[in-house]
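S.K.: First the structure, then my questions, so here it is.
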Amino acid sequence: MVKNFLGMEDGKGPVFIEVLTDTTSAPAVSSRTYAERSFGNLGSGLPADNEPATGEFTMPGLFHDANYRSSIAVMADEDEDVTAYFQLYRGLTGGVSGLVKRVIEAGTLSQWQLNDLFPGSMRTGEPMTVKVILSQPGVTFATLVDNRSTDSVVYLGKRVSSSWIVPVVAHVPGQNDTLWSSDVTLWNANAGVSEISLEYLPEDTNNSSHGRYASSFVLGGYDTYVLQDILKARFGITEGKGALLVKASKPVSVTSRVWTAGPRGGTSGNGVCTVHATELVNDEVLLPGVRMRDGFRTSVGVVTGDAWATLMFGLRDADGILLGQKVLEIPPRTLSQLSLNKLFGNNVQKPEPVGSLVVSSGTEFLAYLTVIDGSSQDPVFIMPQ
């Protein structure tokens, strides 16, 4: 976009999209930043639909050492400068810094490496959480980059909660001899301990009575803890996929990353957008960014609430023309993930060059897309708008 649409050879910053015609709803937007490598493209999806807000936002699951590097970014709304305060929490040590202040000019993006914001506070292999306080409306996010593969994930700043949904966790083989695993990171937002319970909802299973539980554990005050390869380590699952419910006795923040070994060392994966358990909807949602040509493949995932859900899926071309429809019945409290080729059939006309998916139901659900670049098997996770 920067070169072909804006005519710039290089540059970085926010893009503000203004709708000039009368409309009842805003356009849906998805975005991916990537690097072209000899073996394929590696990058990450960037949230493109976030309303600037004030308050406290947190991003656990960050590392800064020989293997990974992390940065924090703040985008200011167009109308006024943003004063941001940053605080670092590390591993089981808790808070390791005072408040660091930065001012971001209106309509701009500022980004800092963690070791620049908090010099001398990095430790090899220790997970970190950054809390950001925005005094004026803005958007904050963190980027985690694998130094060996250069693949990156983005964690959007979230408010803390006592109940979370991780839409998909996995320990499962994929195409081209890949093995996908999920790491989930938690940060305790309180000085006192928080008791954590984990419930796994296996894919395409009626979990209305209950899912599978792992042993509960206690997270110390302001601690950051990584549940590595959570399905295998916590649930003993060597091949499976599903949704994860995280409940805490005191508010926590949760991030998740699904990853596989990179084609030239390191890892390749994406950040799975975690949501508060109250964010299920019983309406129509739009998932932009469907790609099914030029080596790309797209899958849709649905997490259901406490009842059977009848869902309508509509595949649309770049100009909005309906290419295919499908109705599915999905059991309660489960994840169902299907490739769009399987959902609509191999003979469906594929969007050219990109399309969207509309998902609707009168029963509560959550939907997402994964778009995989076939050149590298690098995925992008897209949430509805």
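To be explicit about the labels: the chains of the structure tokens are called A, B, and onward in the order shown, and within each one the residues are counted from 1, while ligands get numbers from 1 in the order they are shown.
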May I have the residues within 7 Å of segment 245-259 of chain A as an mmCIF file with C-alpha atoms, in the first residue's frame, using only C-alpha atoms and disregarding those fewer than 2 positions away in the same chain?

M.R.:
```cif
data_model
loop_
_atom_site.group_PDB
_atom_site.id
_atom_site.type_symbol
_atom_site.label_atom_id
_atom_site.label_comp_id
_atom_site.auth_asym_id
_atom_site.auth_seq_id
_atom_site.Cartn_x
_atom_site.Cartn_y
_atom_site.Cartn_z
ATOM 1 C CA THR A 58 -2.054 -4.398 28.909
ATOM 2 C CA PRO A 60 1.600 -9.806 28.212
ATOM 3 C CA GLY A 61 3.740 -12.355 26.390
ATOM 4 C CA VAL A 160 -8.179 -6.765 32.055
ATOM 5 C CA SER A 161 -11.019 -9.190 32.832
ATOM 6 C CA SER A 162 -11.807 -12.212 35.011
ATOM 7 C CA SER A 163 -13.126 -14.305 32.115
ATOM 8 C CA TRP A 164 -11.466 -14.800 28.728
ATOM 9 C CA ILE A 165 -11.930 -16.798 25.542
ATOM 10 C CA VAL A 166 -8.954 -17.892 23.455
ATOM 11 C CA TRP A 180 1.231 -26.103 15.190
ATOM 12 C CA SER A 181 1.306 -25.435 18.945
ATOM 13 C CA SER A 182 -0.190 -22.734 21.160
ATOM 14 C CA ASP A 183 1.418 -20.680 23.925
ATOM 15 C CA VAL A 184 -0.894 -18.719 26.240
ATOM 16 C CA THR A 185 0.429 -15.945 28.508
ATOM 17 C CA LEU A 186 -1.329 -14.523 31.566
ATOM 18 C CA TRP A 187 -0.618 -11.447 33.652
ATOM 19 C CA ASN A 188 -2.139 -10.884 37.091
ATOM 20 C CA ALA A 189 -3.298 -7.259 37.327
ATOM 21 C CA SER A 194 -5.386 -14.830 41.376
ATOM 22 C CA GLU A 195 -6.557 -18.452 41.067
ATOM 23 C CA ILE A 196 -6.696 -19.555 37.419
ATOM 24 C CA SER A 197 -8.913 -22.274 35.926
ATOM 25 C CA LEU A 198 -8.621 -23.556 32.352
ATOM 26 C CA GLU A 199 -11.361 -25.315 30.375
ATOM 27 C CA TYR A 200 -10.651 -26.755 26.934
ATOM 28 C CA ALA A 243 -11.293 -23.170 22.193
ATOM 29 C CA ALA A 261 8.927 -24.119 13.207
ATOM 30 C CA THR A 267 9.328 -19.857 14.415
ATOM 31 C CA SER A 268 6.442 -18.716 12.245
ATOM 32 C CA GLY A 269 2.964 -18.019 13.590
ATOM 33 C CA ASN A 270 0.443 -15.423 14.577
ATOM 34 C CA GLY A 271 -1.156 -13.788 17.561
ATOM 35 C CA VAL A 272 -4.635 -15.158 18.249
ATOM 36 C CA THR A 274 -8.186 -13.134 22.833
#
```

S.K.: Which neighbours of segment 124-140 of chain A fall inside 7 Å, counting only C-alpha atoms, when residues of the same chain fewer than 3 positions from it are skipped, and could you give them as a ChimeraX atom specification?

M.R.: /A:52-63,65,73-77,82-91,156-157,187,224-225

S.K.: Expressed in Å to a single decimal, how great is the separation between atom CA of Leu99 of chain A and atom CA of Asn115 of chain A?

M.R.: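 Taking atom CA of Leu99 of chain A as the start and atom CA of Asn115 of chain A as the end point, the length is 14.6 Å.
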
S.K.: For the strand (DSSP E) assignment from backbone DSSP, which residues of segment 91-123 of chain A qualify? Please present them as a PyMOL selection string.

M.R.: chain A and resi 94-95+100-104+109-113

S.K.: Grab the residues selected above and save them as a PDB file, in the first residue's frame with N, CA and C atoms.

M.R.:
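Result went into result.pdb, see below:
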```pdb
ATOM      1  N   GLY A  94       7.311  -9.403  39.049  1.00  0.00           N
ATOM      2  CA  GLY A  94       6.301  -8.356  39.134  1.00  0.00           C
ATOM      3  C   GLY A  94       6.795  -7.057  38.530  1.00  0.00           C
ATOM      4  N   GLY A  95       6.389  -5.943  39.105  1.00  0.00           N
ATOM      5  CA  GLY A  95       6.756  -4.645  38.568  1.00  0.00           C
ATOM      6  C   GLY A  95       8.235  -4.371  38.716  1.00  0.00           C
ATOM      7  N   VAL A 100       6.917   5.417  32.812  1.00  0.00           N
ATOM      8  CA  VAL A 100       7.685   6.110  31.779  1.00  0.00           C
ATOM      9  C   VAL A 100       6.699   6.901  30.926  1.00  0.00           C
ATOM     10  N   LYS A 101       6.950   8.193  30.750  1.00  0.00           N
ATOM     11  CA  LYS A 101       6.009   9.080  30.061  1.00  0.00           C
ATOM     12  C   LYS A 101       6.491   9.389  28.653  1.00  0.00           C
ATOM     13  N   ARG A 102       5.569   9.356  27.702  1.00  0.00           N
ATOM     14  CA  ARG A 102       5.830   9.790  26.337  1.00  0.00           C
ATOM     15  C   ARG A 102       4.601  10.552  25.828  1.00  0.00           C
ATOM     16  N   VAL A 103       4.850  11.511  24.937  1.00  0.00           N
ATOM     17  CA  VAL A 103       3.761  12.274  24.307  1.00  0.00           C
ATOM     18  C   VAL A 103       3.776  11.978  22.811  1.00  0.00           C
ATOM     19  N   ILE A 104       2.613  11.604  22.273  1.00  0.00           N
ATOM     20  CA  ILE A 104       2.477  11.247  20.865  1.00  0.00           C
ATOM     21  C   ILE A 104       1.655  12.329  20.176  1.00  0.00           C
ATOM     22  N   LEU A 109       1.887   7.880  14.739  1.00  0.00           N
ATOM     23  CA  LEU A 109       2.227   6.636  15.424  1.00  0.00           C
ATOM     24  C   LEU A 109       3.639   6.748  15.959  1.00  0.00           C
ATOM     25  N   SER A 110       3.824   6.386  17.221  1.00  0.00           N
ATOM     26  CA  SER A 110       5.162   6.311  17.808  1.00  0.00           C
ATOM     27  C   SER A 110       5.397   4.897  18.309  1.00  0.00           C
ATOM     28  N   GLN A 111       6.616   4.388  18.105  1.00  0.00           N
ATOM     29  CA  GLN A 111       6.939   3.009  18.467  1.00  0.00           C
ATOM     30  C   GLN A 111       8.316   2.961  19.110  1.00  0.00           C
ATOM     31  N   TRP A 112       8.458   2.166  20.174  1.00  0.00           N
ATOM     32  CA  TRP A 112       9.703   2.088  20.920  1.00  0.00           C
ATOM     33  C   TRP A 112      10.058   0.625  21.184  1.00  0.00           C
ATOM     34  N   GLN A 113      11.340   0.290  21.057  1.00  0.00           N
ATOM     35  CA  GLN A 113      11.823  -1.002  21.510  1.00  0.00           C
ATOM     36  C   GLN A 113      11.745  -1.057  23.039  1.00  0.00           C
TER      37      GLN A 113
END
```

S.K.: One decimal, in Å: what's the spacing between atom CA of Gln325 of chain A and atom CA of Phe344 of chain A?

M.R.: 7.1 Å

S.K.: Write out as a list in words the residues lying within 9 Å of Leu315 of chain A, counting only C-alpha atoms and excluding same-chain residues fewer than 5 positions away.

M.R.: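 Returned residues: Val290, Gly320, Ile321, Leu322, Leu323, Gly324, Gln325, Lys326, Leu340, Phe344, Lys350, Pro351, Gly355, Ser356, Leu357 and Val358 of chain A.
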
S.K.: Hey, can you spit out that residue selection with N, CA and C atoms as a compact mmCIF listing (two decimals), in the first residue's frame?

M.R.:
```
# COMPACT_ATOMS: atom_id res chain seq x y z
N VAL A 290 -10.56 -12.15 2.86
CA VAL A 290 -10.53 -13.52 2.34
C VAL A 290 -9.62 -13.59 1.12
N GLY A 320 -18.51 -7.13 -3.77
CA GLY A 320 -19.67 -7.39 -2.94
C GLY A 320 -20.63 -8.43 -3.49
N ILE A 321 -20.40 -8.92 -4.69
CA ILE A 321 -21.29 -9.91 -5.28
C ILE A 321 -21.21 -11.22 -4.49
N LEU A 322 -22.38 -11.80 -4.18
CA LEU A 322 -22.44 -13.05 -3.45
C LEU A 322 -21.97 -14.21 -4.33
N LEU A 323 -20.96 -14.95 -3.86
CA LEU A 323 -20.39 -16.07 -4.62
C LEU A 323 -20.91 -17.42 -4.13
N GLY A 324 -21.31 -17.48 -2.88
CA GLY A 324 -21.78 -18.75 -2.33
C GLY A 324 -22.36 -18.57 -0.95
N GLN A 325 -23.27 -19.47 -0.58
CA GLN A 325 -23.88 -19.47 0.75
C GLN A 325 -23.90 -20.87 1.31
N LYS A 326 -23.86 -20.96 2.63
CA LYS A 326 -23.91 -22.25 3.30
C LYS A 326 -24.49 -22.07 4.69
N LEU A 340 -12.47 -22.53 3.56
CA LEU A 340 -13.57 -22.03 2.74
C LEU A 340 -13.77 -22.93 1.52
N PHE A 344 -17.59 -24.23 1.07
CA PHE A 344 -18.39 -23.87 -0.11
C PHE A 344 -18.19 -24.83 -1.28
N LYS A 350 -13.78 -18.20 -6.70
CA LYS A 350 -12.93 -17.62 -5.67
C LYS A 350 -12.88 -16.09 -5.83
N PRO A 351 -12.90 -15.37 -4.72
CA PRO A 351 -12.82 -13.90 -4.79
C PRO A 351 -11.59 -13.45 -5.57
N GLY A 355 -11.74 -10.99 -1.00
CA GLY A 355 -13.17 -10.92 -0.74
C GLY A 355 -13.45 -10.84 0.75
N SER A 356 -14.69 -11.18 1.12
CA SER A 356 -15.09 -11.11 2.52
C SER A 356 -16.06 -12.25 2.82
N LEU A 357 -16.24 -12.51 4.10
CA LEU A 357 -17.17 -13.53 4.56
C LEU A 357 -18.13 -12.91 5.55
N VAL A 358 -19.43 -13.10 5.32
CA VAL A 358 -20.46 -12.63 6.24
C VAL A 358 -20.99 -13.83 7.00
```

S.K.: Excluding Gly301 of chain A and any residue of its chain fewer than 5 positions from it, enumerate the residues within 9 Å of it, using only C-alpha atoms, and give them as a count of residues only.

M.R.: 12

S.K.: Tell me, as a ChimeraX atom specification, which residues lie within 6 Å of segment 145-147 of chain A, counting only C-alpha atoms; anything in the same chain fewer than 4 positions away does not count.

M.R.: /A:67-69,151-152

S.K.: What would the file look like if the residues just selected were written as a PDB file, in the first residue's frame with N, CA and C atoms?

M.R.:
```pdb
ATOM      1  N   ASN A  67      16.747 -14.246  21.158  1.00  0.00           N
ATOM      2  CA  ASN A  67      15.784 -14.944  20.312  1.00  0.00           C
ATOM      3  C   ASN A  67      14.643 -14.068  19.823  1.00  0.00           C
ATOM      4  N   TYR A  68      14.218 -13.126  20.644  1.00  0.00           N
ATOM      5  CA  TYR A  68      13.071 -12.283  20.308  1.00  0.00           C
ATOM      6  C   TYR A  68      13.361 -10.828  20.653  1.00  0.00           C
ATOM      7  N   ARG A  69      12.615  -9.949  19.989  1.00  0.00           N
ATOM      8  CA  ARG A  69      12.625  -8.545  20.373  1.00  0.00           C
ATOM      9  C   ARG A  69      11.180  -8.036  20.373  1.00  0.00           C
ATOM     10  N   ASP A 151       9.762 -13.396  11.665  1.00  0.00           N
ATOM     11  CA  ASP A 151       8.305 -13.417  11.729  1.00  0.00           C
ATOM     12  C   ASP A 151       7.849 -12.646  12.964  1.00  0.00           C
ATOM     13  N   SER A 152       6.670 -12.017  12.863  1.00  0.00           N
ATOM     14  CA  SER A 152       6.197 -11.175  13.954  1.00  0.00           C
ATOM     15  C   SER A 152       4.739 -11.464  14.277  1.00  0.00           C
TER      16      SER A 152
END
```

S.K.: Which one of A:Val29, A:Val96, A:Ile230, A:Val154 sits closest to Ser71 of chain A if you count only C-alpha atoms?

M.R.: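 The closest residue to Ser71 of chain A is A:Val154.
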
S.K.: Just checking: using only C-alpha atoms, which residue out of A:Val380, A:Val327, A:Val303, A:Met292 ends up closest to Val348 of chain A?

M.R.: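 Closest residue, counting only C-alpha atoms: A:Met292.
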
S.K.: So how many Å separate atom CA of Asn346 of chain A and atom CA of Asp204 of chain A, to one decimal?

M.R.: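 About the pair atom CA of Asn346 of chain A and atom CA of Asp204 of chain A: they are 21.8 Å apart.
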
S.K.: Based on DSSP run over this structure's backbone, return all residues of segment 273-342 of chain A in helix (DSSP H, G or I), as JSON, numbers by chain.

M.R.: {"A": [277, 278, 279, 340, 341, 342]}
